[in-house]
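Down below is the structure, laid out as structure tokens.
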Amino acid sequence: MPQVIIDGKKYQFEGQPGLLQFCLDHGIELPHFCYHPSMSIPANCRQCLVDIGAPARDRASGEIQVNEDGEPVIQYFPKLQTSCSHVIADGQVIHTARTSEKVKDAQCDTLEFLLINHPLDCPICDQAGHCPLQIQAYKYGPEGSRFEFKKVHKPKKVKLGPRVVLDAERCINCTRCVRFTDEISKSGQLTIIERGVKNYPITPPGVSFDEPYSMNVIDICPVGALTSVDFRFQARIWEMASTPSITTTNAKGSNCYLWVRDNLVLRITPRDNPDVNEFWLPDEDRLTYQRFNEDRPAGPSVDQNTEQTSWDTSFQRVVDLLGHHGQNMLFIGSAYATVEDNWMLLQLAEAVGGQVAGFIPHVDIGHGDGWLRTDDRTPNGQGCERLGIPPLDLPLWRARIESGEFDAMYVLEDDPVASGLCSLESLVDMDVILHYYNTTNQTLPATRVALPAAMVAETIGTYVNESGRAQRVVPAKVIKGTNRTLMMQMGLSRADRHGTPFDRWHNESHYINCKPSWEIIPILLEKLGVRDVPKGPRKMMNHLSEANPAFLGATYEAMGLGGVQLSSMEMEVMG
């Protein structure tokens, strides 16, 4: 097998790998700015320079020349090479800044050139603390600046579109943003104008940078030149905790990070997963951060009482209604809720002699783009179907509800009125029990018991995306009366893991009085006299992975944070 020597260590390789990516894959740090593994290689930042040599060959015979010790004679390229564009060949010897003073000096010089006109914005820059230019300037750059002249000024605070702001003075012309719009999103909405030290990215005349993936350029910008309109100047990287999660605005289940400060979600950024969303995230997934913080319920309520009701009172009221209506109660699952939540709803319906009719579909025909946006606007439709909960035929079930066929309705984490399943008028004579997230839920005025449910940022659970990939989530926010299961999954270094009124960052109003549905329903089952109720989402999924072939292998250990691919539902039907 061919091999290459990097800083004195031998590595074997297959095919024709690029040197920079090969080094990164093997834990060898090579500074770079313009390179991105999903885009073309312009080799214009010159920061990834290395010294490359190859065994010298006799011109006549073609044999490798050896020295007195029998070792191959290495002939080095006359100039340093960009590792991003170099393809590794057998026998090559490569030196990075660790073993070559020439490479070290070259990278230091490159950074000095990049910093000549770069503004000293670090104290006010959103990128400070996680800025590649800032980090590499400390690790590879000069001790100070020798430049004593007036810096070149460029436009600042330019609103490229509704979601992205440009500070052109910070730009180092890596062209990542332009290549993204040309090669990945293919909108072509960005280009480079001017020449030399005066150039920077901008939209063509009369064009707004409003494509549905525009905010990805903020993530890939190696400096603070491109920032978010919403997040700009809101928080520092070290003030927030990042929690791995998934997005729930559609059926793709894109992997993301939820960034939390003072128990508020301040932004959502992509998390790399080559099996789902690679490095990217649509803007619609990012802009939903406010729904985790705003219009949240103050606590459970009974009979539309504006006064906060205790959980025990609410639970007893639900048990009374379940015992009174029994088989005449319509149970509605939810493609917004986790697999564990829906499975517990099945157990509850069975306990009172009813059944879950299905879940409310939320399909927006034409919204999907064949990439990271889908027509299905729910995250767990396939998870429901694998449990045997089908999508409801809305016109059919609307007619049945309005005909007075049911005396009561138990709704899990959805909004029947807003979705068109029923009207408020048709619910006047029904006893409605509702698990809900936000006070904007249009079914709330008709509820007998309203139970605030934890959202994806506050719970533990499993979602199955459109391609059958099961992915689990962990809590990013703390809720009031949080249980041990939730607390065990919170990051140990989180400043807001525990709080008291004496902590400066602690704000009691940011703690929502809600519970995960997988915690609520087992309590109801126990009050109904059901024994051996599974406790905790992990045990629930362990049971499902063994008892239901559609979830075979979907344990928390197997899913990890990257998810696990389940067998297709067609195969399960055939089996």
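Chain labels A, B, ... are given in the sequence in which chains occur in the structure tokens; within each chain residues are numbered consecutively from 1, and ligands are likewise numbered from 1 in the order shown.
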
Could you find all residues in range 200-326 of chain A that DSSP calls alpha helix (DSSP H) from the backbone, and write them as number ranges by chain?
A: 216-220, 283-286, 311-325

Write out as a PyMOL selection string each polymer residue whose atoms come within 9 Å of Arg469 in chain A, counting only C-alpha atoms; drop sequence neighbours fewer than 5 positions from it.
chain A and resi 253+275-276+463-464+563-567

Got a sec: who's within 6 Å of Thr439 in chain A, counting only C-alpha atoms, leaving out chain neighbours fewer than 2 positions off, as a list in words?
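So, after excluding close chain neighbours, the residues are Asp295, Arg296, Pro297 and Asn441 of chain A.
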
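In terms of minimum interatomic distance to Phe231 in chain A, A:Cys125 ranks closest within A:His36, A:Asn199, A:Cys125, A:Gln136, counting only C-alpha atoms.
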
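Near range 206-222 of chain A, within 6 Å and counting only C-alpha atoms, sit Pro132, Leu160, Gly161, Cys177, Gln189, Thr227, Pro282 and Asp283 of chain A, not including residues fewer than 5 positions from it in the same chain.
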
Calculated over only C-alpha atoms, which of the candidates A:His543, A:Pro475, A:Ala251, A:Ala470 has the smallest distance to Ala558 in chain A?
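Once distances to Ala558 in chain A are computed over only C-alpha atoms, the minimum belongs to A:Ala470.
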
Using only C-alpha atoms, can you tell me which of A:Ala454, A:Met490, A:Val428, A:Leu552 comes closest to Glu413 in chain A?
A:Ala454

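The shortest atom-to-atom distance to Ala408 in chain A, with only C-alpha atoms taken into account, belongs to A:Gln327 out of A:Ser467, A:Gln327, A:Ser423, A:Thr309.
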
Just the residues within 12 Å of Arg531 in chain A, please, counting only C-alpha atoms, with nothing from its chain fewer than 6 positions along; format it as a list in words.
Gln347, Ala351, Pro522, Ile523, Leu524 and Leu525 of chain A

For Pro534 in chain A, please output as JSON, numbers by chain all residues within 9 Å (counting only C-alpha atoms; exclusion window: fewer than 2 positions along the same chain).
{"A": [344, 522, 532, 536, 537, 539, 540, 543]}

With all heavy atoms retained, write the just-selected residues as an mmCIF file, in the first residue's frame.
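Listing of result01.cif after writing:
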data_model
loop_
_atom_site.group_PDB
_atom_site.id
_atom_site.type_symbol
_atom_site.label_atom_id
_atom_site.label_comp_id
_atom_site.auth_asym_id
_atom_site.auth_seq_id
_atom_site.Cartn_x
_atom_site.Cartn_y
_atom_site.Cartn_z
ATOM 1 N N MET A 344 -46.524 6.142 24.664
ATOM 2 C CA MET A 344 -47.223 6.219 25.937
ATOM 3 C C MET A 344 -48.694 6.568 25.725
ATOM 4 O O MET A 344 -49.570 6.101 26.473
ATOM 5 C CB MET A 344 -46.561 7.253 26.850
ATOM 6 C CG MET A 344 -45.203 6.829 27.398
ATOM 7 S SD MET A 344 -45.180 5.162 28.116
ATOM 8 C CE MET A 344 -46.453 5.267 29.368
ATOM 9 N N PRO A 522 -47.361 8.385 32.130
ATOM 10 C CA PRO A 522 -47.197 7.337 33.144
ATOM 11 C C PRO A 522 -47.828 7.679 34.494
ATOM 12 O O PRO A 522 -48.337 6.792 35.190
ATOM 13 C CB PRO A 522 -45.673 7.204 33.253
ATOM 14 C CG PRO A 522 -45.174 7.588 31.918
ATOM 15 C CD PRO A 522 -46.077 8.703 31.494
ATOM 16 N N ASP A 532 -46.757 -1.677 36.471
ATOM 17 C CA ASP A 532 -45.570 -1.922 35.642
ATOM 18 C C ASP A 532 -45.487 -0.958 34.458
ATOM 19 O O ASP A 532 -45.231 -1.355 33.315
ATOM 20 C CB ASP A 532 -45.547 -3.368 35.132
ATOM 21 C CG ASP A 532 -45.522 -4.370 36.264
ATOM 22 O OD1 ASP A 532 -44.858 -4.079 37.283
ATOM 23 O OD2 ASP A 532 -46.169 -5.426 36.137
ATOM 24 N N GLY A 536 -39.215 6.457 32.202
ATOM 25 C CA GLY A 536 -38.055 7.023 31.524
ATOM 26 C C GLY A 536 -37.994 6.662 30.052
ATOM 27 O O GLY A 536 -38.327 5.540 29.652
ATOM 28 N N PRO A 537 -37.587 7.611 29.218
ATOM 29 C CA PRO A 537 -37.561 7.395 27.766
ATOM 30 C C PRO A 537 -36.582 6.314 27.327
ATOM 31 O O PRO A 537 -36.820 5.631 26.331
ATOM 32 C CB PRO A 537 -37.175 8.769 27.216
ATOM 33 C CG PRO A 537 -36.470 9.452 28.343
ATOM 34 C CD PRO A 537 -37.127 8.963 29.587
ATOM 35 N N LYS A 539 -35.811 3.463 28.840
ATOM 36 C CA LYS A 539 -36.452 2.160 28.992
ATOM 37 C C LYS A 539 -37.563 1.967 27.964
ATOM 38 O O LYS A 539 -37.785 0.855 27.473
ATOM 39 C CB LYS A 539 -37.003 2.019 30.411
ATOM 40 C CG LYS A 539 -35.937 1.889 31.484
ATOM 41 C CD LYS A 539 -36.557 1.689 32.852
ATOM 42 C CE LYS A 539 -35.474 1.530 33.918
ATOM 43 N NZ LYS A 539 -36.052 1.349 35.279
ATOM 44 N N MET A 540 -38.255 3.040 27.650
ATOM 45 C CA MET A 540 -39.322 2.949 26.649
ATOM 46 C C MET A 540 -38.763 2.546 25.295
ATOM 47 O O MET A 540 -39.312 1.670 24.614
ATOM 48 C CB MET A 540 -40.047 4.299 26.547
ATOM 49 C CG MET A 540 -40.798 4.694 27.803
ATOM 50 S SD MET A 540 -41.505 6.365 27.678
ATOM 51 C CE MET A 540 -42.077 6.613 29.360
ATOM 52 N N HIS A 543 -37.577 -1.059 25.202
ATOM 53 C CA HIS A 543 -38.718 -1.961 25.019
ATOM 54 C C HIS A 543 -39.174 -1.973 23.564
ATOM 55 O O HIS A 543 -39.413 -3.043 22.987
ATOM 56 C CB HIS A 543 -39.865 -1.535 25.931
ATOM 57 C CG HIS A 543 -41.127 -2.301 25.703
ATOM 58 N ND1 HIS A 543 -41.352 -3.552 26.249
ATOM 59 C CD2 HIS A 543 -42.237 -2.015 24.957
ATOM 60 C CE1 HIS A 543 -42.530 -4.000 25.855
ATOM 61 N NE2 HIS A 543 -43.096 -3.080 25.085
#

Any idea what's packed within 12 Å of Glu143 in chain A, counting only C-alpha atoms, ignoring anything in its chain fewer than 2 positions away? Could you give it as an MDAnalysis selection string?
chainID A and resid 108:109 111:112 115 136:141 145:146

What are the DSSP strand (DSSP E or B) residues of range 283-431 of chain A, as a ChimeraX atom specification?
/A:301-302,329-333,356-359,363,376,391,408-411,431

Distance in Å - CA of Ala43 in chain A versus CA of Cys174 in chain A
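For CA of Ala43 in chain A relative to CA of Cys174 in chain A, the distance reads 8.8 Å.
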